$ cat upload_6.tsv   # TSV, C-alpha atoms
chain	number	residue	atom	x	y	z
A	1	MET	CA	85.64	71.12	106.85
A	2	ASN	CA	88.92	69.36	107.34
A	3	GLU	CA	91.00	70.85	110.07
A	4	ILE	CA	94.51	71.98	109.18
A	5	THR	CA	96.62	73.41	111.92
A	6	LEU	CA	100.23	74.39	112.10
A	7	THR	CA	102.30	73.09	114.99
A	8	GLU	CA	104.17	75.65	117.05
A	9	GLU	CA	107.44	74.61	115.34
A	10	GLN	CA	105.90	74.89	111.87
A	11	ARG	CA	104.53	78.33	112.66
A	12	ASP	CA	107.89	79.52	113.98
A	13	CYS	CA	109.63	78.14	110.90
A	14	LEU	CA	107.14	79.72	108.50
A	15	GLN	CA	107.34	83.03	110.33
A	16	GLU	CA	111.11	83.09	109.98
A	17	LEU	CA	110.93	82.26	106.25
A	18	ILE	CA	108.40	85.07	105.81
A	19	ASN	CA	110.55	87.42	107.85
A	20	VAL	CA	113.50	86.88	105.53
A	21	ALA	CA	111.37	87.23	102.37
A	22	MET	CA	109.77	90.37	103.76
A	23	GLY	CA	113.19	91.81	104.53
A	24	GLN	CA	114.22	91.29	100.92
A	25	ALA	CA	111.03	92.89	99.59
A	26	SER	CA	111.42	95.93	101.87
A	27	ASP	CA	115.05	96.29	100.93
A	28	LYS	CA	114.13	96.29	97.24
A	29	LEU	CA	111.41	98.87	97.85
A	30	ALA	CA	113.69	101.01	100.03
A	31	ARG	CA	116.44	101.05	97.41
A	32	TYR	CA	113.97	101.71	94.61
A	33	LEU	CA	112.40	104.66	96.44
A	34	GLN	CA	115.62	105.70	98.17
A	35	THR	CA	113.89	105.77	101.51
A	36	PHE	CA	113.54	103.65	104.62
A	37	VAL	CA	110.80	101.07	105.12
A	38	HIS	CA	109.88	100.42	108.71
A	39	LEU	CA	109.47	96.70	109.40
A	40	GLN	CA	107.46	94.99	112.07
A	41	VAL	CA	107.25	91.35	113.10
A	42	PRO	CA	104.81	89.86	110.57
A	43	TYR	CA	101.57	88.45	111.89
A	44	ILE	CA	100.58	85.07	110.53
A	45	GLU	CA	97.27	83.31	110.90
A	46	LEU	CA	95.34	80.58	109.17
A	47	ILE	CA	91.85	81.68	108.23
A	48	ASP	CA	88.95	79.54	107.12
A	49	SER	CA	87.64	80.28	103.63
A	50	GLU	CA	84.22	81.02	105.09
A	51	VAL	CA	85.60	83.68	107.43
A	52	LEU	CA	87.89	85.66	105.15
A	53	PRO	CA	85.27	87.59	103.13
A	54	GLU	CA	83.70	88.77	106.41
A	55	ARG	CA	87.10	89.70	107.76
A	56	PHE	CA	87.85	91.67	104.63
A	57	ALA	CA	84.51	93.41	104.90
A	58	GLU	CA	85.23	94.38	108.53
A	59	THR	CA	88.75	95.60	107.84
A	60	TYR	CA	88.09	97.52	104.68
A	61	ALA	CA	84.38	98.41	104.89
A	62	GLN	CA	84.86	102.08	105.65
A	63	GLU	CA	86.91	102.90	102.63
A	64	GLY	CA	87.33	101.55	99.15
A	65	VAL	CA	90.27	99.31	98.46
A	66	SER	CA	92.15	98.25	95.41
A	67	LEU	CA	93.82	94.91	95.31
A	68	VAL	CA	96.34	93.35	93.04
A	69	SER	CA	95.87	89.63	92.72
A	70	GLN	CA	98.49	87.32	91.28
A	71	GLY	CA	98.66	83.54	91.14
A	72	PHE	CA	101.87	81.60	91.77
A	73	TYR	CA	102.75	78.03	90.91
A	74	GLY	CA	105.80	76.12	92.01
A	75	GLU	CA	107.21	72.63	92.22
A	76	LYS	CA	106.19	70.10	94.86
A	77	GLY	CA	102.57	71.24	94.70
A	78	ILE	CA	103.19	74.68	96.11
A	79	LEU	CA	100.69	77.16	94.72
A	80	GLY	CA	98.39	79.96	95.69
A	81	GLU	CA	97.29	83.49	95.11
A	82	SER	CA	98.92	86.58	96.49
A	83	LEU	CA	96.77	89.61	97.25
A	84	LEU	CA	98.20	93.03	97.90
A	85	ILE	CA	95.55	95.28	99.33
A	86	TYR	CA	95.73	99.05	99.22
A	87	LYS	CA	93.30	101.40	100.82
A	88	SER	CA	92.16	103.85	98.18
A	89	HIS	CA	93.75	106.72	100.06
A	90	ASP	CA	97.15	105.00	99.79
A	91	ALA	CA	96.57	103.93	96.20
A	92	HIS	CA	96.19	107.58	95.18
A	93	GLY	CA	99.56	108.42	96.69
A	94	ILE	CA	101.47	105.82	94.71
A	95	ALA	CA	102.08	108.10	91.72
A	96	GLU	CA	103.95	110.49	94.02
A	97	ILE	CA	105.91	107.64	95.59
A	98	LEU	CA	106.96	106.31	92.22
A	99	GLY	CA	107.80	109.80	90.99
A	100	TYR	CA	105.21	109.78	88.23
A	101	GLU	CA	103.51	112.93	87.06
A	102	PRO	CA	99.76	112.92	87.73
A	103	ASP	CA	98.00	111.42	84.70
A	104	ASP	CA	101.32	110.01	83.49
A	105	VAL	CA	100.12	106.46	83.79
A	106	SER	CA	96.84	105.01	84.99
A	107	GLU	CA	96.31	104.04	88.59
A	108	VAL	CA	96.04	100.41	87.47
A	109	GLU	CA	99.55	100.57	86.02
A	110	GLN	CA	100.92	102.25	89.16
A	111	LEU	CA	99.43	99.55	91.35
A	112	THR	CA	100.85	96.85	89.11
A	113	ASP	CA	104.32	98.43	89.20
A	114	ILE	CA	104.62	98.69	92.96
A	115	SER	CA	103.00	95.30	93.49
A	116	SER	CA	105.41	93.56	91.18
A	117	ILE	CA	108.31	94.84	93.29
A	118	LEU	CA	106.75	93.64	96.51
A	119	THR	CA	105.07	90.42	95.41
A	120	THR	CA	107.74	88.95	93.19
A	121	THR	CA	110.61	89.87	95.52
A	122	PHE	CA	108.73	88.45	98.49
A	123	LEU	CA	107.67	85.24	96.75
A	124	ASN	CA	111.06	84.67	95.08
A	125	GLY	CA	112.70	85.14	98.49
A	126	LEU	CA	110.33	82.62	100.01
A	127	ALA	CA	110.82	80.15	97.13
A	128	GLU	CA	114.60	80.40	97.31
A	129	GLN	CA	114.60	79.45	100.97
A	130	ILE	CA	112.49	76.36	100.33
A	131	ASP	CA	114.50	75.43	97.26
A	132	ASN	CA	111.62	76.00	94.90
A	133	GLN	CA	110.95	78.01	91.76
A	134	LEU	CA	107.76	79.88	91.13
A	135	ALA	CA	105.96	80.94	88.00
A	136	TYR	CA	103.44	83.77	88.11
A	137	SER	CA	100.21	84.53	86.36
A	138	ALA	CA	99.56	88.04	85.07
A	139	PRO	CA	98.48	90.37	87.87
A	140	ARG	CA	94.88	91.54	87.94
A	141	VAL	CA	93.81	94.78	89.56
A	142	VAL	CA	90.44	94.70	91.28
A	143	SER	CA	88.76	97.75	92.72
A	144	SER	CA	86.19	97.24	95.45
A	145	MET	CA	84.22	100.08	93.86
A	146	GLU	CA	83.62	97.93	90.81
A	147	THR	CA	83.78	94.34	92.01
A	148	PRO	CA	83.00	93.25	95.56
A	149	LEU	CA	86.07	91.48	96.97
A	150	GLU	CA	84.02	88.36	97.77
A	151	HIS	CA	83.25	87.95	94.08
A	152	HIS	CA	86.90	88.11	93.21
A	153	LEU	CA	87.73	85.54	95.88
A	154	GLN	CA	85.09	83.20	94.46
A	155	GLN	CA	86.43	83.57	90.93
A	156	LEU	CA	89.92	82.25	91.67
A	157	SER	CA	90.98	79.21	89.72
A	158	PHE	CA	91.17	76.94	92.75
A	159	ASN	CA	88.93	76.27	95.69
A	160	TRP	CA	90.91	77.35	98.68
A	161	ASP	CA	89.90	76.05	102.08
A	162	LEU	CA	92.20	78.01	104.21
A	163	ALA	CA	94.04	81.24	103.77
A	164	LEU	CA	97.44	81.76	105.15
A	165	LYS	CA	97.01	85.37	106.08
A	166	VAL	CA	100.23	87.25	106.49
A	167	ASP	CA	99.79	90.78	107.68
A	168	ILE	CA	102.72	92.70	106.41
A	169	SER	CA	102.54	96.38	106.75
A	170	TYR	CA	105.11	98.08	104.59
A	171	GLN	CA	105.37	101.52	106.14
A	172	VAL	CA	107.27	103.83	103.87
A	173	VAL	CA	108.46	106.51	106.24
A	174	ASP	CA	108.72	109.43	103.82
A	175	PHE	CA	105.33	108.88	102.22
A	176	SER	CA	103.06	107.33	104.90
A	177	PHE	CA	102.14	104.42	102.70
A	178	ASN	CA	100.84	101.05	103.86
A	179	CYS	CA	99.65	97.91	102.20
A	180	ASP	CA	98.61	94.48	103.41
A	181	MET	CA	99.65	91.20	101.88
A	182	VAL	CA	97.49	88.09	102.03
A	183	LEU	CA	98.46	84.72	100.63
A	184	LEU	CA	95.61	82.37	99.77
A	185	ILE	CA	96.63	78.75	99.64
A	186	PRO	CA	94.40	75.76	98.87
A	187	GLY	CA	94.28	72.86	101.33
A	188	GLU	CA	96.54	70.43	99.42
A	189	ALA	CA	99.18	73.12	98.99
A	190	ILE	CA	99.13	73.93	102.71
A	191	LYS	CA	99.90	70.27	103.39
A	192	ASN	CA	102.74	70.47	100.87
A	193	ILE	CA	104.09	73.56	102.59
A	194	GLN	CA	103.88	71.72	105.91
A	195	LYS	CA	105.99	68.91	104.43
A	196	VAL	CA	108.59	71.45	103.34
A	197	LEU	CA	108.57	73.07	106.78
A	198	ASP	CA	109.03	69.66	108.43
A	199	GLN	CA	112.01	68.95	106.17
A	200	ILE	CA	113.63	72.23	107.19
A	201	LEU	CA	112.90	71.54	110.86
A	202	ASP	CA	114.46	68.07	110.54
A	203	GLU	CA	117.73	69.65	109.48
A	204	PHE	CA	118.06	71.44	112.82
B	21	MET	CA	139.11	78.14	127.07
B	22	ASN	CA	135.56	78.19	125.69
B	23	ILE	CA	134.31	81.47	124.33
B	24	PRO	CA	130.88	82.31	125.81
B	25	VAL	CA	128.56	82.99	122.88
B	26	LEU	CA	125.04	84.41	123.11
B	27	ILE	CA	122.52	83.95	120.27
B	28	CYS	CA	119.56	86.34	120.45
B	29	ASP	CA	116.59	85.88	118.11
B	30	ASP	CA	112.84	85.61	118.67
B	31	SER	CA	112.63	82.69	116.24
B	32	THR	CA	113.57	79.22	117.47
B	33	LEU	CA	114.50	78.22	113.92
B	34	ALA	CA	116.75	81.25	113.50
B	35	ARG	CA	118.55	80.53	116.79
B	36	LYS	CA	119.15	76.95	115.67
B	37	GLN	CA	120.34	78.14	112.25
B	38	VAL	CA	122.97	80.36	113.86
B	39	LYS	CA	124.08	77.61	116.23
B	40	LYS	CA	124.33	75.10	113.40
B	41	SER	CA	126.33	77.57	111.29
B	42	LEU	CA	129.05	78.01	113.92
B	43	PRO	CA	132.28	76.44	112.66
B	44	SER	CA	132.77	73.01	114.26
B	45	ASN	CA	136.36	73.80	115.23
B	46	TRP	CA	135.34	76.89	117.19
B	47	ASP	CA	135.48	76.19	120.92
B	48	VAL	CA	132.39	77.92	122.27
B	49	GLU	CA	129.73	77.64	124.90
B	50	VAL	CA	126.36	78.71	123.49
B	51	GLN	CA	123.49	80.37	125.31
B	52	PHE	CA	120.20	81.60	123.86
B	53	ALA	CA	117.91	84.59	124.36
B	54	SER	CA	114.54	84.98	122.66
B	55	ASN	CA	114.32	88.77	122.82
B	56	GLY	CA	116.43	91.82	123.57
B	57	ARG	CA	115.40	92.04	127.20
B	58	GLU	CA	116.54	88.48	127.93
B	59	ALA	CA	119.77	89.11	126.09
B	60	LEU	CA	120.58	92.24	128.10
B	61	ASN	CA	119.87	90.42	131.38
B	62	ILE	CA	122.38	87.73	130.45
B	63	MET	CA	124.92	90.26	129.16
B	64	ARG	CA	124.76	92.22	132.43
B	65	GLU	CA	125.27	89.13	134.58
B	66	GLN	CA	127.89	87.25	132.62
B	67	GLN	CA	130.88	87.94	130.46
B	68	ILE	CA	129.79	87.24	126.89
B	69	GLY	CA	132.51	86.99	124.25
B	70	VAL	CA	130.48	87.16	121.06
B	71	LEU	CA	126.84	88.18	120.58
B	72	PHE	CA	124.81	87.14	117.52
B	73	LEU	CA	121.88	89.54	117.35
B	74	ASP	CA	118.63	89.67	115.37
B	75	LEU	CA	117.05	93.11	114.80
B	76	THR	CA	113.28	92.71	114.38
B	77	MET	CA	112.13	91.36	117.76
B	78	PRO	CA	109.40	91.99	120.32
B	79	GLU	CA	110.14	93.47	123.78
B	80	ILE	CA	113.49	95.13	123.18
B	81	ASP	CA	114.63	94.92	119.56
B	82	GLY	CA	118.15	94.57	118.23
B	83	ILE	CA	118.67	98.32	117.98
B	84	GLY	CA	117.68	98.62	121.66
B	85	VAL	CA	120.26	96.01	122.59
B	86	LEU	CA	122.95	97.74	120.55
B	87	GLU	CA	122.15	101.10	122.19
B	88	ALA	CA	122.36	99.61	125.69
B	89	ASN	CA	125.53	97.76	124.81
B	90	HIS	CA	127.04	100.91	123.36
B	91	ALA	CA	126.34	102.80	126.61
B	92	GLU	CA	127.27	100.03	129.05
B	93	LYS	CA	130.12	98.37	127.11
B	94	LEU	CA	128.96	94.84	127.87
B	95	VAL	CA	130.06	92.79	124.85
B	96	ASP	CA	132.99	93.63	122.58
B	97	PHE	CA	132.00	91.61	119.54
B	98	THR	CA	128.45	91.87	118.19
B	99	ILE	CA	127.48	90.33	114.88
B	100	VAL	CA	124.04	91.30	113.61
B	101	VAL	CA	122.16	88.52	111.81
B	102	SER	CA	119.12	90.11	110.23
B	103	ALA	CA	116.49	89.92	107.51
B	104	ASP	CA	116.21	93.71	107.51
B	105	ILE	CA	119.07	94.49	105.17
B	106	GLN	CA	118.20	98.03	104.06
B	107	PRO	CA	121.26	100.25	103.60
B	108	GLU	CA	120.04	102.70	106.25
B	109	MET	CA	119.67	99.89	108.78
B	110	GLN	CA	123.16	98.55	108.05
B	111	ASN	CA	124.61	102.03	108.63
B	112	ARG	CA	122.71	102.48	111.87
B	113	VAL	CA	123.91	99.15	113.18
B	114	ALA	CA	127.52	99.97	112.30
B	115	GLU	CA	127.26	103.34	114.06
B	116	LEU	CA	126.10	101.57	117.20
B	117	GLY	CA	129.24	99.48	117.22
B	118	ALA	CA	128.23	96.20	115.62
B	119	LEU	CA	131.23	94.45	114.12
B	120	ALA	CA	129.51	92.89	111.13
B	121	PHE	CA	126.17	92.40	109.44
B	122	ILE	CA	125.08	89.03	108.12
B	123	GLN	CA	122.05	88.72	105.85
B	124	LYS	CA	119.65	85.95	106.81
B	125	PRO	CA	119.50	83.05	106.24
B	126	VAL	CA	122.90	82.52	107.83
B	127	ASN	CA	125.20	79.68	106.81
B	128	THR	CA	128.60	78.33	107.88
B	129	THR	CA	130.48	79.86	104.93
B	130	LYS	CA	129.26	83.41	105.59
B	131	LEU	CA	129.80	83.10	109.31
B	132	THR	CA	133.27	81.56	109.12
B	133	GLU	CA	134.38	84.31	106.75
B	134	ILE	CA	133.34	87.02	109.22
B	135	LEU	CA	134.89	85.27	112.22
B	136	GLN	CA	138.19	84.86	110.37
B	137	GLN	CA	138.11	88.44	109.13
B	138	TYR	CA	137.97	89.73	112.71
B	139	GLY	CA	140.44	87.21	114.09
B	140	LEU	CA	137.85	85.46	116.23
B	141	LEU	CA	138.62	82.09	114.71

$ encode --input "upload_6.tsv" --output "structure tokens"
Amino acid sequence: MNEITLTEEQRDCLQELINVAMGQASDKLARYLQTFVHLQVPYIELIDSEVLPERFAETYAQEGVSLVSQGFYGEKGILGESLLIYKSHDAHGIAEILGYEPDDVSEVEQLTDISSILTTTFLNGLAEQIDNQLAYSAPRVVSSMETPLEHHLQQLSFNWDLALKVDISYQVVDFSFNCDMVLLIPGEAIKNIQKVLDQILDEF
Amino acid sequence: MNIPVLICDDSTLARKQVKKSLPSNWDVEVQFASNGREALNIMREQQIGVLFLDLTMPEIDGIGVLEANHAEKLVDFTIVVSADIQPEMQNRVAELGALAFIQKPVNTTKLTEILQQYGLL
């Protein structure tokens, strides 16, 4: 297992880029829902591929989760998979948040709608800051009731060594709604991100 | 005379971005604080002319600093530099007496415009 670590400067830089992207995503969500989204300092960690399934199991074992998984591909070898994870309890409330009538649209569609606001705004915000452009694959909705999350992680199109885990909790005040975002990034792409971070750091 | 400027942000990069975005012809002396508590300590001990303030921070956040500043009248000119740009947050910040709100990432053009608008430059 090759060791990839972020220097303190790289972590600080990445955290600030994520902060800005997260601010844009929350703003979009807040305007869309006409409510206020409470923001916290995002928590970033690098997690070994062997550890993440366990970590998922620990965090989400008690309740079912649904996740929306979407690949992204950019220039300069930046690529990865974004996972938005909803506890089933929160997933059921999304229809109300979006103002849909019950049975109006399927839960899969609801999850895809809210995820596209968060994921694409977040990733476009991140890409813009690093002077990159991203393309996206179609989102897939996976329910832990049907497919164990580990299986989904194993089925991704790349072998990722390390996950850049970004815990973003979007707390929508009026609806008590939370979701977690995790970015999975393969080893080569992490090195490419590090190069980009170093370039930004060199400017200052 | 130099204007004493305080830049408060928990991110090293963000502090450097603000410093680098200050117009080169602006005669200032820059100090840094990495959270709201540090900023308030400096503001209570020294006369600060202009405060550049982040919102989402550990310890005391930007709103906490604005509240204290509002009550104690420490700094006249506060410019919020934030990633949290929700309309409700912008209103709150204005109510607490912040002069202007700059969306991150900051750059020289945005900053110069604000400084000129308020006659600080």

$ residues_around --input "upload_6.tsv" --residues "segment 130-132 of chain A" --least-positions-apart "4" --cutoff "9 Å" --atoms "all atoms listed in the file" --output "compact mmCIF listing (two decimals) with C-alpha atoms, keeping the file's coordinate frame"
# COMPACT_ATOMS: atom_id res chain seq x y z
CA LEU A 17 110.93 82.26 106.25
CA GLY A 74 105.80 76.12 92.01
CA GLU A 75 107.21 72.63 92.22
CA LYS A 76 106.19 70.10 94.86
CA ILE A 78 103.19 74.68 96.11
CA ASN A 124 111.06 84.67 95.08
CA GLY A 125 112.70 85.14 98.49
CA LEU A 126 110.33 82.62 100.01
CA VAL A 196 108.59 71.45 103.34
CA LEU A 197 108.57 73.07 106.78
CA ILE A 200 113.63 72.23 107.19

$ residues_around --input "upload_6.tsv" --residues "segment 105-117 of chain B" --least-positions-apart "2" --cutoff "9 Å" --atoms "all atoms listed in the file" --output "JSON, numbers by chain"
{"A": [23, 24, 26, 27, 28, 30, 31, 35, 36, 37], "B": [82, 83, 86, 87, 89, 90, 96, 97, 98, 100, 102, 103, 119, 120, 121, 122, 123, 124]}

$ atom_distance --input "upload_6.tsv" --atom1 "atom CA of Lys36 of chain B" --atom2 "atom CA of Gln10 of chain A"
13.9 Å

$ residues_around --input "upload_6.tsv" --residues "segment 92-104 of chain A" --least-positions-apart "5" --cutoff "10 Å" --atoms "all atoms listed in the file" --output "list in words"
Tyr32, Leu33, Tyr86, Lys87, Glu109, Gln110, Leu111, Asp113, Ile114, Val172, Asp174, Phe175, Ser176 and Phe177 of chain A

$ atom_distance --input "upload_6.tsv" --atom1 "atom CA of Ala34 of chain B" --atom2 "atom CA of Arg57 of chain B"
17.5 Å

$ atom_distance --input "upload_6.tsv" --atom1 "atom CA of Asp81 of chain B" --atom2 "atom CA of Gln37 of chain B"
19.2 Å

$ closest_residue --input "upload_6.tsv" --among "A:Glu188, A:Glu9, A:Asp161, A:Glu54" --to "chain B" --atoms "only C-alpha atoms"
A:Glu9

$ residues_around --input "upload_6.tsv" --residues "Ala163 of chain A" --least-positions-apart "2" --cutoff "8 Å" --atoms "only C-alpha atoms" --output "number ranges by chain"
A: 46-49, 52, 160-161, 165, 182-186

$ closest_residue --input "upload_6.tsv" --among "A:Gln129, A:Ser169, A:Thr147, A:Asn192" --to "chain B" --atoms "all atoms listed in the file"
A:Gln129

$ residues_near_point --input "upload_6.tsv" --point "(88.3, 86.8, 92.4)" --cutoff "9 Å" --atoms "only C-alpha atoms" --output "PDB file with C-alpha atoms, in the coordinates of the input"
ATOM      1  CA  SER A  69      95.870  89.630  92.720  1.00  0.00           C
ATOM      2  CA  VAL A 142      90.440  94.700  91.280  1.00  0.00           C
ATOM      3  CA  THR A 147      83.780  94.340  92.010  1.00  0.00           C
ATOM      4  CA  PRO A 148      83.000  93.250  95.560  1.00  0.00           C
ATOM      5  CA  LEU A 149      86.070  91.480  96.970  1.00  0.00           C
ATOM      6  CA  GLU A 150      84.020  88.360  97.770  1.00  0.00           C
ATOM      7  CA  HIS A 151      83.250  87.950  94.080  1.00  0.00           C
ATOM      8  CA  HIS A 152      86.900  88.110  93.210  1.00  0.00           C
ATOM      9  CA  LEU A 153      87.730  85.540  95.880  1.00  0.00           C
ATOM     10  CA  GLN A 154      85.090  83.200  94.460  1.00  0.00           C
ATOM     11  CA  GLN A 155      86.430  83.570  90.930  1.00  0.00           C
ATOM     12  CA  LEU A 156      89.920  82.250  91.670  1.00  0.00           C
ATOM     13  CA  SER A 157      90.980  79.210  89.720  1.00  0.00           C
TER      14      SER A 157
END

$ closest_residue --input "upload_6.tsv" --among "B:Leu60, B:Val85, B:Val48, B:Val101" --to "chain A" --atoms "only C-alpha atoms"
B:Val101

$ closest_residue --input "upload_6.tsv" --among "B:Leu26, B:Val126, B:Ala118, B:Met77" --to "chain A" --atoms "all atoms listed in the file"
B:Met77

$ residues_around --input "upload_6.tsv" --residues "Gln15 of chain A" --least-positions-apart "3" --cutoff "9 Å" --atoms "all atoms listed in the file" --output "VMD selection string"
(chain A and resid 10 to 12 18 to 20 41 to 44) or (chain B and resid 31)

$ axis_aligned_box --input "upload_6.tsv" --around "segment 130-140 of chain A" --padding-each-side "5 Å" --output "AutoDock Vina command-line options"
--center_x 104.7 --center_y 83.5 --center_z 92.7 --size_x 29.6 --size_y 26.1 --size_z 25.3

$ closest_residue --input "upload_6.tsv" --among "A:His38, A:Tyr136, A:Ala189, A:Cys13" --to "chain B" --atoms "all atoms listed in the file"
A:Cys13

$ residues_near_point --input "upload_6.tsv" --point "(120.8, 85.5, 117.6)" --cutoff "8 Å" --atoms "all atoms listed in the file" --output "CSV table (one decimal) with C-alpha atoms, keeping the file's coordinate frame"
chain,number,residue,atom,x,y,z
B,26,LEU,CA,125.0,84.4,123.1
B,27,ILE,CA,122.5,84.0,120.3
B,28,CYS,CA,119.6,86.3,120.4
B,29,ASP,CA,116.6,85.9,118.1
B,34,ALA,CA,116.8,81.2,113.5
B,35,ARG,CA,118.6,80.5,116.8
B,38,VAL,CA,123.0,80.4,113.9
B,52,PHE,CA,120.2,81.6,123.9
B,53,ALA,CA,117.9,84.6,124.4
B,71,LEU,CA,126.8,88.2,120.6
B,72,PHE,CA,124.8,87.1,117.5
B,73,LEU,CA,121.9,89.5,117.4
B,74,ASP,CA,118.6,89.7,115.4
B,100,VAL,CA,124.0,91.3,113.6
B,101,VAL,CA,122.2,88.5,111.8

$ closest_residue --input "upload_6.tsv" --among "B:Glu65, B:Glu49, B:Glu79, B:Glu58" --to "chain A" --atoms "all atoms listed in the file"
B:Glu79
